[in-house]
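Coordinates as given in data.pdb (PDB, C-alpha atoms):
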```pdb
ATOM      1  CA  MET W   1      18.953 -17.421 -19.415
ATOM      2  CA  ILE W   2      17.649 -14.097 -20.733
ATOM      3  CA  SER W   3      20.541 -11.780 -21.538
ATOM      4  CA  ILE W   4      20.183  -8.654 -19.410
ATOM      5  CA  PRO W   5      20.968  -5.361 -21.162
ATOM      6  CA  THR W   6      22.090  -2.268 -19.310
ATOM      7  CA  TYR W   7      19.460   0.294 -18.327
ATOM      8  CA  ASP W   8      19.647   4.026 -17.824
ATOM      9  CA  LYS W   9      17.529   5.899 -15.261
ATOM     10  CA  GLY W  10      15.101   7.097 -17.933
ATOM     11  CA  GLN W  11      14.380   3.542 -19.068
ATOM     12  CA  LEU W  12      13.944   2.352 -15.505
ATOM     13  CA  ARG W  13      11.509   5.182 -14.666
ATOM     14  CA  GLU W  14       9.412   4.274 -17.713
ATOM     15  CA  LEU W  15       9.484   0.627 -16.733
ATOM     16  CA  ALA W  16       8.481   1.515 -13.169
ATOM     17  CA  SER W  17       5.431   3.376 -14.512
ATOM     18  CA  MET W  18       4.316   0.129 -16.182
ATOM     19  CA  VAL W  19       4.895  -1.976 -13.082
ATOM     20  CA  SER W  20       2.634   0.072 -10.840
ATOM     21  CA  HIS W  21      -0.792   0.110  -9.251
ATOM     22  CA  ALA W  22      -2.193   2.448 -11.933
ATOM     23  CA  ALA W  23      -0.859   0.328 -14.813
ATOM     24  CA  PHE W  24      -2.126  -2.918 -13.331
ATOM     25  CA  LYS W  25      -5.594  -1.440 -12.807
ATOM     26  CA  ARG W  26      -5.759  -0.745 -16.549
ATOM     27  CA  LEU W  27      -5.039  -4.419 -17.246
ATOM     28  CA  SER W  28      -8.416  -5.204 -15.704
ATOM     29  CA  SER W  29     -10.446  -2.699 -17.717
ATOM     30  CA  SER W  30      -9.582  -3.319 -21.377
ATOM     31  CA  SER W  31      -8.608  -6.293 -23.523
ATOM     32  CA  ASN W  32      -6.605  -4.039 -25.878
ATOM     33  CA  GLN W  33      -3.112  -3.963 -24.406
ATOM     34  CA  SER W  34      -1.087  -3.532 -27.605
ATOM     35  CA  SER W  35       0.343  -0.146 -26.589
ATOM     36  CA  TYR W  36       1.266  -1.433 -23.127
ATOM     37  CA  ILE W  37       2.997  -4.469 -24.643
ATOM     38  CA  GLN W  38       4.950  -2.331 -27.127
ATOM     39  CA  ARG W  39       6.161   0.007 -24.382
ATOM     40  CA  MET W  40       7.015  -2.911 -22.124
ATOM     41  CA  LYS W  41       9.081  -4.517 -24.885
ATOM     42  CA  LYS W  42      10.864  -1.240 -25.599
ATOM     43  CA  TYR W  43      11.963  -0.562 -22.047
ATOM     44  CA  THR W  44      12.878  -4.151 -21.142
ATOM     45  CA  GLY W  45      15.302  -4.296 -24.066
ATOM     46  CA  TRP W  46      13.281  -6.875 -26.005
ATOM     47  CA  LYS W  47      15.484  -6.648 -29.123
ATOM     48  CA  GLU W  48      18.611  -7.311 -27.075
ATOM     49  CA  MET W  49      17.199 -10.519 -25.560
ATOM     50  CA  SER W  50      19.063 -13.153 -27.528
ATOM     51  CA  THR W  51      17.397 -16.275 -26.099
ATOM     52  CA  GLU W  52      14.394 -17.396 -24.092
ATOM     53  CA  ARG W  53      12.252 -14.316 -24.543
ATOM     54  CA  PRO W  54       9.075 -14.262 -22.425
ATOM     55  CA  THR W  55       6.201 -15.722 -24.426
ATOM     56  CA  LYS W  56       3.229 -14.194 -22.585
ATOM     57  CA  LEU W  57       2.509 -10.743 -21.216
ATOM     58  CA  GLY W  58       2.450 -12.035 -17.649
ATOM     59  CA  ASP W  59       5.957 -13.454 -18.094
ATOM     60  CA  LEU W  60       7.198 -10.137 -19.520
ATOM     61  CA  ILE W  61       5.786  -8.246 -16.528
ATOM     62  CA  ALA W  62       7.450 -10.728 -14.174
ATOM     63  CA  HIS W  63      10.747 -10.184 -15.997
ATOM     64  CA  SER W  64      10.297  -6.412 -15.739
ATOM     65  CA  TYR W  65       9.604  -6.749 -12.021
ATOM     66  CA  GLN W  66      12.913  -8.597 -11.593
ATOM     67  CA  ILE W  67      14.777  -5.868 -13.475
ATOM     68  CA  LEU W  68      13.301  -3.234 -11.176
ATOM     69  CA  GLU W  69      14.105  -5.260  -8.061
ATOM     70  CA  GLN W  70      17.733  -5.280  -9.132
ATOM     71  CA  HIS W  71      18.079  -1.720 -10.428
ATOM     72  CA  TYR W  72      15.185   0.562  -9.392
ATOM     73  CA  ARG W  73      13.243  -0.373  -6.274
ATOM     74  CA  HIS W  74      10.378   2.084  -6.476
ATOM     75  CA  GLU W  75       7.440   2.432  -4.110
ATOM     76  CA  TYR W  76       5.168  -0.178  -5.687
ATOM     77  CA  LEU W  77       7.783  -2.895  -5.102
ATOM     78  CA  TYR W  78       7.935  -1.975  -1.420
ATOM     79  CA  LYS W  79       4.164  -2.045  -1.055
ATOM     80  CA  ASN W  80       3.902  -5.364  -2.827
ATOM     81  CA  LYS W  81       6.710  -6.755  -0.683
ATOM     82  CA  LEU W  82       4.956  -5.495   2.451
ATOM     83  CA  LEU W  83       1.757  -7.348   1.548
ATOM     84  CA  ASN W  84       3.384 -10.566   0.316
ATOM     85  CA  ASP W  85       6.229 -11.037   2.771
ATOM     86  CA  TYR W  86       5.047  -9.267   5.906
ATOM     87  CA  VAL W  87       1.274  -8.927   6.135
ATOM     88  CA  GLN W  88       0.285 -12.280   4.620
ATOM     89  CA  LYS W  89       2.908 -14.141   6.641
ATOM     90  CA  LYS W  90       1.998 -12.546   9.991
ATOM     91  CA  TYR W  91      -1.745 -11.869   9.774
ATOM     92  CA  ALA W  92      -4.975 -13.467   8.560
ATOM     93  CA  LEU W  93      -6.461 -11.365   5.757
ATOM     94  CA  ASP W  94     -10.009 -12.201   6.850
ATOM     95  CA  ASP W  95      -9.431 -10.121   9.973
ATOM     96  CA  THR W  96      -6.969  -7.571   8.562
ATOM     97  CA  ILE W  97      -7.161  -4.543   6.295
ATOM     98  CA  LEU W  98      -4.134  -2.969   4.594
ATOM     99  CA  LEU W  99      -5.034   0.544   3.471
ATOM    100  CA  ASN W 100      -3.181   2.343   0.698
ATOM    101  CA  GLU W 101      -2.382   6.084   0.649
ATOM    102  CA  PHE W 102      -4.354   6.845   3.808
ATOM    103  CA  ARG W 103      -4.622  10.520   4.739
ATOM    104  CA  VAL W 104      -4.038  11.616   8.332
ATOM    105  CA  GLY W 105      -3.965  15.367   8.846
ATOM    106  CA  GLN W 106      -1.594  16.918   6.305
ATOM    107  CA  SER W 107       0.186  13.624   5.608
ATOM    108  CA  ILE W 108      -0.614  10.557   3.529
ATOM    109  CA  ALA W 109       0.543   7.239   4.973
ATOM    110  CA  ASP W 110       1.869   4.829   2.362
ATOM    111  CA  ALA W 111       0.088   1.923   4.060
ATOM    112  CA  VAL W 112      -1.908   1.326   7.238
ATOM    113  CA  LEU W 113      -2.616  -2.083   8.752
ATOM    114  CA  VAL W 114      -5.566  -2.595  11.077
ATOM    115  CA  ASN W 115      -6.651  -5.797  12.809
ATOM    116  CA  GLY W 116      -6.276  -6.377  16.565
ATOM    117  CA  THR W 117      -3.469  -3.848  16.357
ATOM    118  CA  ASN W 118      -2.836  -0.850  14.127
ATOM    119  CA  LYS W 119       0.341   0.078  12.294
ATOM    120  CA  VAL W 120       1.376   2.817   9.886
ATOM    121  CA  PHE W 121       4.092   2.075   7.315
ATOM    122  CA  GLU W 122       6.002   5.001   5.870
ATOM    123  CA  ILE W 123       8.062   3.831   2.890
ATOM    124  CA  LYS W 124      11.416   5.451   2.240
ATOM    125  CA  THR W 125      13.012   3.913  -0.841
ATOM    126  CA  GLU W 126      16.550   4.582  -2.008
ATOM    127  CA  LEU W 127      14.936   7.165  -4.305
ATOM    128  CA  ASP W 128      13.296   9.121  -1.442
ATOM    129  CA  SER W 129      14.306  11.901   0.901
ATOM    130  CA  PRO W 130      13.576  11.957   4.671
ATOM    131  CA  GLU W 131      12.817  15.688   4.446
ATOM    132  CA  ARG W 132       9.189  15.570   5.686
ATOM    133  CA  LEU W 133       9.561  12.533   7.908
ATOM    134  CA  GLN W 134       9.246  14.320  11.257
ATOM    135  CA  SER W 135       5.935  15.999  10.392
ATOM    136  CA  GLN W 136       4.631  12.759   8.893
ATOM    137  CA  LEU W 137       5.352  10.834  12.089
ATOM    138  CA  GLU W 138       3.626  13.509  14.177
ATOM    139  CA  ASP W 139       0.478  13.228  12.036
ATOM    140  CA  TYR W 140       0.398   9.434  12.080
ATOM    141  CA  TYR W 141       0.487   9.262  15.874
ATOM    142  CA  LYS W 142      -2.669  11.407  15.965
ATOM    143  CA  ALA W 143      -4.693   8.429  14.624
ATOM    144  CA  PHE W 144      -2.578   5.299  15.147
ATOM    145  CA  THR W 145      -0.398   3.887  17.899
ATOM    146  CA  GLU W 146       2.419   2.092  16.036
ATOM    147  CA  VAL W 147       4.523   3.542  13.240
ATOM    148  CA  TYR W 148       7.180   1.864  11.091
ATOM    149  CA  VAL W 149       9.564   3.157   8.472
ATOM    150  CA  PHE W 150      10.134   0.612   5.698
ATOM    151  CA  THR W 151      13.384   1.135   3.834
ATOM    152  CA  HIS W 152      16.225  -0.733   2.136
ATOM    153  CA  THR W 153      18.815  -2.503   4.247
ATOM    154  CA  THR W 154      21.548  -0.213   2.901
ATOM    155  CA  LEU W 155      19.778   2.735   4.588
ATOM    156  CA  ALA W 156      19.312   1.060   7.987
ATOM    157  CA  ASP W 157      21.969   3.079   9.829
ATOM    158  CA  LYS W 158      20.730   6.332   8.330
ATOM    159  CA  TYR W 159      17.188   5.837   9.618
ATOM    160  CA  LEU W 160      18.253   4.401  12.976
ATOM    161  CA  ASN W 161      20.002   7.730  13.546
ATOM    162  CA  LEU W 162      17.035   9.786  12.321
ATOM    163  CA  LEU W 163      14.123   8.003  13.999
ATOM    164  CA  PRO W 164      12.872   8.264  17.591
ATOM    165  CA  VAL W 165      13.395   4.969  19.453
ATOM    166  CA  HIS W 166       9.657   4.212  19.532
ATOM    167  CA  VAL W 167       9.395   4.132  15.711
ATOM    168  CA  GLY W 168       9.871   0.664  14.242
ATOM    169  CA  LEU W 169      12.140  -0.127  11.305
ATOM    170  CA  LEU W 170      11.425  -2.679   8.568
ATOM    171  CA  LEU W 171      14.101  -3.534   6.033
ATOM    172  CA  TYR W 172      13.859  -4.677   2.420
ATOM    173  CA  THR W 173      16.871  -6.976   2.460
ATOM    174  CA  ALA W 174      19.427  -7.731  -0.235
ATOM    175  CA  ASN W 175      17.892 -11.171  -0.806
ATOM    176  CA  GLY W 176      14.403  -9.692  -1.224
ATOM    177  CA  SER W 177      12.895 -10.552   2.160
ATOM    178  CA  VAL W 178      11.388  -8.278   4.834
ATOM    179  CA  TYR W 179      13.239  -8.058   8.140
ATOM    180  CA  GLU W 180      11.983  -6.283  11.262
ATOM    181  CA  LEU W 181      15.121  -4.648  12.633
ATOM    182  CA  ARG W 182      13.248  -2.840  15.398
ATOM    183  CA  ALA W 183       9.688  -3.301  16.618
ATOM    184  CA  ALA W 184       7.537  -0.220  17.103
ATOM    185  CA  THR W 185       6.473   0.751  20.606
ATOM    186  CA  ALA W 186       2.775   1.564  20.933
ATOM    187  CA  ARG W 187       2.051   5.183  21.911
ATOM    188  CA  THR W 188      -1.331   6.689  22.752
ATOM    189  CA  GLU W 189      -0.419  10.124  24.119
ATOM    190  CA  SER W 190      -0.743  11.875  20.752
ATOM    191  CA  LEU W 191      -4.078  10.352  19.677
ATOM    192  CA  ASP W 192      -6.553  13.022  18.621
ATOM    193  CA  ASN W 193     -10.266  12.475  17.941
ATOM    194  CA  THR W 194     -10.280  15.312  15.399
ATOM    195  CA  PHE W 195      -7.612  13.646  13.278
ATOM    196  CA  MET W 196      -9.286  10.240  13.461
ATOM    197  CA  MET W 197     -12.652  11.558  12.359
ATOM    198  CA  GLY W 198     -11.046  13.679   9.647
ATOM    199  CA  SER W 199      -9.557  10.582   8.018
ATOM    200  CA  LEU W 200     -12.922   8.838   7.624
ATOM    201  CA  ARG W 201     -15.585   9.020   4.936
ATOM    202  CA  LYS W 202     -18.914  10.561   5.938
ATOM    203  CA  PRO W 203     -20.782   7.208   6.267
ATOM    204  CA  GLU W 204     -17.902   5.930   8.388
ATOM    205  CA  TYR W 205     -17.740   8.797  10.868
ATOM    206  CA  THR W 206     -21.542   8.716  11.045
ATOM    207  CA  LYS W 207     -21.342   5.052  12.030
ATOM    208  CA  LEU W 208     -18.545   5.812  14.493
ATOM    209  CA  VAL W 209     -20.660   8.402  16.289
ATOM    210  CA  LYS W 210     -23.705   6.121  16.331
ATOM    211  CA  GLN W 211     -21.697   3.257  17.809
ATOM    212  CA  LEU W 212     -20.477   5.494  20.616
ATOM    213  CA  VAL W 213     -23.717   7.273  21.568
ATOM    214  CA  GLY W 214     -26.453   5.200  19.925
ATOM    215  CA  PHE W 215     -27.854   7.968  17.730
ATOM    216  CA  ILE W 216     -26.911  10.385  14.940
ATOM    217  CA  PRO W 217     -26.813  14.122  15.763
ATOM    218  CA  GLU W 218     -29.585  16.231  14.299
ATOM    219  CA  ALA W 219     -27.965  19.010  12.313
ATOM    220  CA  THR W 220     -28.198  20.764   8.970
ATOM    221  CA  PRO W 221     -25.736  19.523   6.296
ATOM    222  CA  ALA W 222     -23.547  22.585   6.841
ATOM    223  CA  PHE W 223     -23.129  21.793  10.553
ATOM    224  CA  TYR W 224     -23.284  17.989  10.463
ATOM    225  CA  TYR W 225     -19.526  17.391  10.521
ATOM    226  CA  ARG W 226     -19.060  19.830  13.408
ATOM    227  CA  SER W 227     -21.891  18.216  15.359
ATOM    228  CA  CYS W 228     -20.371  14.749  14.965
ATOM    229  CA  LEU W 229     -16.978  16.041  16.025
ATOM    230  CA  GLU W 230     -18.448  17.631  19.152
ATOM    231  CA  VAL W 231     -19.852  14.233  20.118
ATOM    232  CA  LEU W 232     -16.510  12.475  19.598
ATOM    233  CA  ARG W 233     -14.671  15.048  21.698
ATOM    234  CA  GLN W 234     -16.692  13.947  24.714
ATOM    235  CA  PHE W 235     -15.073  10.491  24.670
ATOM    236  CA  PRO W 236     -11.574   9.337  25.688
ATOM    237  CA  VAL W 237      -9.262   9.018  22.693
ATOM    238  CA  GLU W 238      -8.485   5.355  23.427
ATOM    239  CA  GLN W 239     -12.188   4.479  23.289
ATOM    240  CA  VAL W 240     -12.680   6.431  20.063
ATOM    241  CA  GLN W 241      -9.628   4.809  18.495
ATOM    242  CA  LYS W 242     -10.904   1.314  19.289
ATOM    243  CA  GLU W 243     -14.176   2.003  17.482
ATOM    244  CA  TYR W 244     -12.313   3.889  14.736
ATOM    245  CA  CYS W 245     -10.210   0.802  13.989
ATOM    246  CA  ASN W 246     -13.333  -1.377  13.955
ATOM    247  CA  ILE W 247     -14.847   0.962  11.366
ATOM    248  CA  LEU W 248     -11.732   0.730   9.174
ATOM    249  CA  LYS W 249     -11.805  -3.067   9.358
ATOM    250  CA  GLN W 250     -15.225  -2.989   7.733
ATOM    251  CA  ARG W 251     -13.438  -2.110   4.470
ATOM    252  CA  ILE W 252     -12.178  -5.709   4.283
ATOM    253  CA  ASP W 253     -13.182  -7.307   0.962
ATOM    254  CA  HIS W 254     -13.531 -11.039   1.531
ATOM    255  CA  GLN W 255     -13.823 -11.942  -2.166
ATOM    256  CA  THR W 256     -10.502 -10.246  -2.914
ATOM    257  CA  ASN W 257      -8.914 -12.066   0.014
ATOM    258  CA  THR W 258     -10.176 -15.384  -1.342
ATOM    259  CA  TYR W 259      -8.436 -14.815  -4.679
ATOM    260  CA  LEU W 260      -5.189 -13.886  -2.915
ATOM    261  CA  ASN W 261      -5.284 -16.782  -0.473
ATOM    262  CA  GLU W 262      -5.873 -19.244  -3.309
ATOM    263  CA  GLY W 263      -2.830 -17.938  -5.186
ATOM    264  CA  GLU W 264      -4.849 -17.070  -8.290
ATOM    265  CA  VAL W 265      -3.089 -13.728  -8.756
ATOM    266  CA  PRO W 266       0.577 -13.408  -9.841
ATOM    267  CA  ALA W 267       2.702 -12.405  -6.851
ATOM    268  CA  TYR W 268       3.960  -9.237  -8.569
ATOM    269  CA  MET W 269       0.387  -7.974  -8.877
ATOM    270  CA  ASN W 270      -0.922  -8.851  -5.411
ATOM    271  CA  PHE W 271      -0.842  -5.362  -3.911
ATOM    272  CA  SER W 272      -2.579  -3.732  -6.861
ATOM    273  CA  PHE W 273      -5.190  -6.476  -7.007
ATOM    274  CA  TYR W 274      -5.799  -6.227  -3.266
ATOM    275  CA  GLN W 275      -6.336  -2.477  -3.398
ATOM    276  CA  SER W 276      -8.524  -2.528  -6.527
ATOM    277  CA  GLN W 277     -11.055  -5.036  -5.162
ATOM    278  CA  PHE W 278     -11.851  -6.363  -8.644
ATOM    279  CA  ASN W 279     -15.216  -7.825  -9.486
ATOM    280  CA  LYS W 280     -15.319 -11.110 -11.386
ATOM    281  CA  LYS W 281     -15.421  -9.439 -14.810
ATOM    282  CA  SER W 282     -12.359  -7.301 -14.046
ATOM    283  CA  TYR W 283     -10.547 -10.293 -12.637
ATOM    284  CA  LEU W 284     -11.189 -12.389 -15.757
ATOM    285  CA  THR W 285     -10.127  -9.502 -18.029
ATOM    286  CA  MET W 286      -6.862  -9.232 -16.129
ATOM    287  CA  ILE W 287      -6.173 -12.986 -16.296
ATOM    288  CA  ASN W 288      -6.930 -13.003 -20.026
ATOM    289  CA  ASN W 289      -4.556 -10.074 -20.638
ATOM    290  CA  LEU W 290      -1.730 -11.725 -18.715
ATOM    291  CA  SER W 291      -2.042 -14.821 -20.906
ATOM    292  CA  LYS W 292      -1.693 -12.877 -24.192
ATOM    293  CA  ASN W 293       0.959 -14.310 -26.525
ATOM    294  CA  LEU W 294       3.884 -12.033 -27.379
ATOM    295  CA  LEU W 295       5.613 -14.002 -30.136
TER     296      LEU W 295
END
```
As structure tokens - that is how I would like this structure written.
Amino acid sequence: MISIPTYDKGQLRELASMVSHAAFKRLSSSSNQSSYIQRMKKYTGWKEMSTERPTKLGDLIAHSYQILEQHYRHEYLYKNKLLNDYVQKKYALDDTILLNEFRVGQSIADAVLVNGTNKVFEIKTELDSPERLQSQLEDYYKAFTEVYVFTHTTLADKYLNLLPVHVGLLLYTANGSVYELRAATARTESLDNTFMMGSLRKPEYTKLVKQLVGFIPEATPAFYYRSCLEVLRQFPVEQVQKEYCNILKQRIDHQTNTYLNEGEVPAYMNFSFYQSQFNKKSYLTMINNLSKNLL
């Protein structure tokens, strides 16, 4: 067994910054990870580990992940848990997209799932405040029909009291699983074509308009967005949302899904890998870095 030192909040915050989407992306772009390894050793209490130190960088990251699961469950752990223990167990990745940090109106959804259904996941860790939750929920229902809050089991009663009954509640349990305490109820009354179009990239809302009317509006660049929006406003919101979800599903990256389905990526890195959509070179760089010897 590795002896576990005590950790203060400052150490845990530093460790969380190294077990994150941004940090894992850097593992795929450079073979020089000496600084990362030194920092990782410092904040995991490497010198205090009396026996069975991790021998490779990948093992050290896995150890760090376990420390954070026990002491500092930050947002990346929730997102990774959502992908590993909820999405992959309930849905086929070939027909599903899980979007990260997806803007709707003035809010940014932590994750959005689209396949035959559509779900928004708002993560509220033990480190978060519910201060903006009401306005976030209002924005999400302008583009999607099901909304969930994903929080720790110790906060279940708090959010059951705060949330409208139609909002679902997912729990990160004490044993590290994901439990659906309450299913979301689908709602369409707040859907808004303006919000849906506003969340898309220009090629995507262009395709959305073309799929609905069969042509692209003729307009100068300054008026193009407005012209597309005027077209969308002529259609029922349910019809627009159906095509909107089909457009979002076209972001599916089948090569990335193949790597995940084959188990080639360490479980602690799945969410970051999924969002980064690595090419083969980046993937091989990452695998090589994870196998670096530490001793």
* To do: Find the distance between CA of Arg187 in chain W and CA of Tyr148 in chain W and write it in Å to one decimal.
  =>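 Between CA of Arg187 in chain W and CA of Tyr148 in chain W the gap works out to 12.4 Å.
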* **Residues within 7 Å of range 174-183 of chain W, only C-alpha atoms, excluding chain neighbours under 3 positions, as a PyMOL selection string** => chain W and resi 85-86+153+168-171
* Apply the PyMOL selection byres ((chain W and resi 257) around 12) to the file shown and report the selected residues as a PyMOL selection string. => chain W and resi 83+88+92-98+251-256+258-265+270-271+273-278
* So which residues touch Ile123 in chain W within 7 Å, counting all atoms listed in the file, skipping near sequence neighbours fewer than 5 positions away, as a list in words? -> Asp110, Val149, Phe150 and Thr151 of chain W
* To do: Spell out the residues picked by the PyMOL selection byres ((chain W and resi 30) around 10) here, as number ranges by chain.
  => W: 25-29, 31-33, 282, 285-286, 289
* To do: Just the residues within 12 Å of Asp8 in chain W, please, counting only C-alpha atoms, with nothing from its chain fewer than 6 positions along; format it as an NGL selection string.
  => :W and (14-15 or 43-45 or 67-68 or 71-72)
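The space between CA of Tyr268 in chain W and CA of Ala62 in chain W spans 6.8 Å.
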* Val167 in chain W surroundings by all atoms listed in the file, 7 Å radius, close-in-sequence under 5 positions cut, as JSON, numbers by chain -> {"W": [147, 148, 184, 185]}
* **Matched chain/residue IDs from the PyMOL selection byres ((chain W and resi 197) around 10), as a list in words** =>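 Applying the expression gives Val104, Ala143, Asp192, Asn193, Thr194, Phe195, Met196, Gly198, Ser199, Leu200, Arg201, Lys202, Glu204, Tyr205, Thr206, Leu208, Val209, Tyr225, Cys228, Leu229, Leu232, Val240, Gln241 and Tyr244 of chain W.
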Give the centre and edge lengths of an axis-aligned box, in Å to one decimal, that holds all listed atoms of range 249-256 of chain W with 6 Å on each side, as AutoDock Vina command-line options.
```
--center_x -12.9 --center_y -7.0 --center_z 3.2 --size_x 16.7 --size_y 21.8 --size_z 24.3
```
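Rounded to one decimal, CA of Gly105 in chain W and CA of Ala23 in chain W lie 28.2 Å from each other.
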* Quick one: residues within 9 Å of Val231 in chain W, all atoms listed in the file counted, chain neighbours fewer than 6 positions away excluded, as number ranges by chain? -> W: 209, 212-213, 217
* **Counting all atoms listed in the file, the residue of W:Asn293, W:Asn100, W:Thr125, W:Gln134 that sits nearest Arg53 in chain W** =>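 Looking only at the distances to Arg53 in chain W, the closest residue turns out to be W:Asn293.
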* Asked: Mind listing as a list of chain:residue names all residues within 7 Å of (0.1, -8.1, -22.6), counting all atoms listed in the file?
  ->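 Residues with an atom at most 7 Å from (0.1, -8.1, -22.6): W:Gln33, W:Ser34, W:Tyr36, W:Ile37, W:Lys56, W:Leu57, W:Gly58, W:Asn289, W:Leu290, W:Lys292.
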Could you dump the residues just selected with C-alpha atoms as a PDB file, in the coordinates of the input?
```pdb
ATOM      1  CA  GLN W  33      -3.112  -3.963 -24.406  1.00  0.00           C
ATOM      2  CA  SER W  34      -1.087  -3.532 -27.605  1.00  0.00           C
ATOM      3  CA  TYR W  36       1.266  -1.433 -23.127  1.00  0.00           C
ATOM      4  CA  ILE W  37       2.997  -4.469 -24.643  1.00  0.00           C
ATOM      5  CA  LYS W  56       3.229 -14.194 -22.585  1.00  0.00           C
ATOM      6  CA  LEU W  57       2.509 -10.743 -21.216  1.00  0.00           C
ATOM      7  CA  GLY W  58       2.450 -12.035 -17.649  1.00  0.00           C
ATOM      8  CA  ASN W 289      -4.556 -10.074 -20.638  1.00  0.00           C
ATOM      9  CA  LEU W 290      -1.730 -11.725 -18.715  1.00  0.00           C
ATOM     10  CA  LYS W 292      -1.693 -12.877 -24.192  1.00  0.00           C
TER      11      LYS W 292
END
```
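Between Val120 in chain W and the candidates W:Gln66, W:Gln234, W:Thr6, W:Ser107, the tightest atom-to-atom separation, counting all atoms listed in the file, involves W:Ser107.
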Radius query 12 Å about (13.5, 10.1, -2.1), atoms used: all atoms listed in the file, as a PDB file with C-alpha atoms, in the coordinates of the input:
```pdb
ATOM      1  CA  ARG W  73      13.243  -0.373  -6.274  1.00  0.00           C
ATOM      2  CA  HIS W  74      10.378   2.084  -6.476  1.00  0.00           C
ATOM      3  CA  GLU W  75       7.440   2.432  -4.110  1.00  0.00           C
ATOM      4  CA  ILE W 123       8.062   3.831   2.890  1.00  0.00           C
ATOM      5  CA  LYS W 124      11.416   5.451   2.240  1.00  0.00           C
ATOM      6  CA  THR W 125      13.012   3.913  -0.841  1.00  0.00           C
ATOM      7  CA  GLU W 126      16.550   4.582  -2.008  1.00  0.00           C
ATOM      8  CA  LEU W 127      14.936   7.165  -4.305  1.00  0.00           C
ATOM      9  CA  ASP W 128      13.296   9.121  -1.442  1.00  0.00           C
ATOM     10  CA  SER W 129      14.306  11.901   0.901  1.00  0.00           C
ATOM     11  CA  PRO W 130      13.576  11.957   4.671  1.00  0.00           C
ATOM     12  CA  GLU W 131      12.817  15.688   4.446  1.00  0.00           C
ATOM     13  CA  ARG W 132       9.189  15.570   5.686  1.00  0.00           C
ATOM     14  CA  LEU W 133       9.561  12.533   7.908  1.00  0.00           C
ATOM     15  CA  THR W 151      13.384   1.135   3.834  1.00  0.00           C
ATOM     16  CA  HIS W 152      16.225  -0.733   2.136  1.00  0.00           C
ATOM     17  CA  LEU W 155      19.778   2.735   4.588  1.00  0.00           C
TER      18      LEU W 155
END
```
* **Residue nearest Met18 in chain W among W:Ile247, W:Ala111, W:Ile216, W:Met269 (counting only C-alpha atoms)** =>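 Ranked by minimum distance to Met18 in chain W, first place goes to W:Met269.
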* **Nearest to Gly116 in chain W by atom-to-atom distance, counting only C-alpha atoms, from W:Ala267, W:Leu284, W:Leu60, W:Leu248** =>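 Using only C-alpha atoms, the shortest distance to Gly116 in chain W belongs to W:Leu248.
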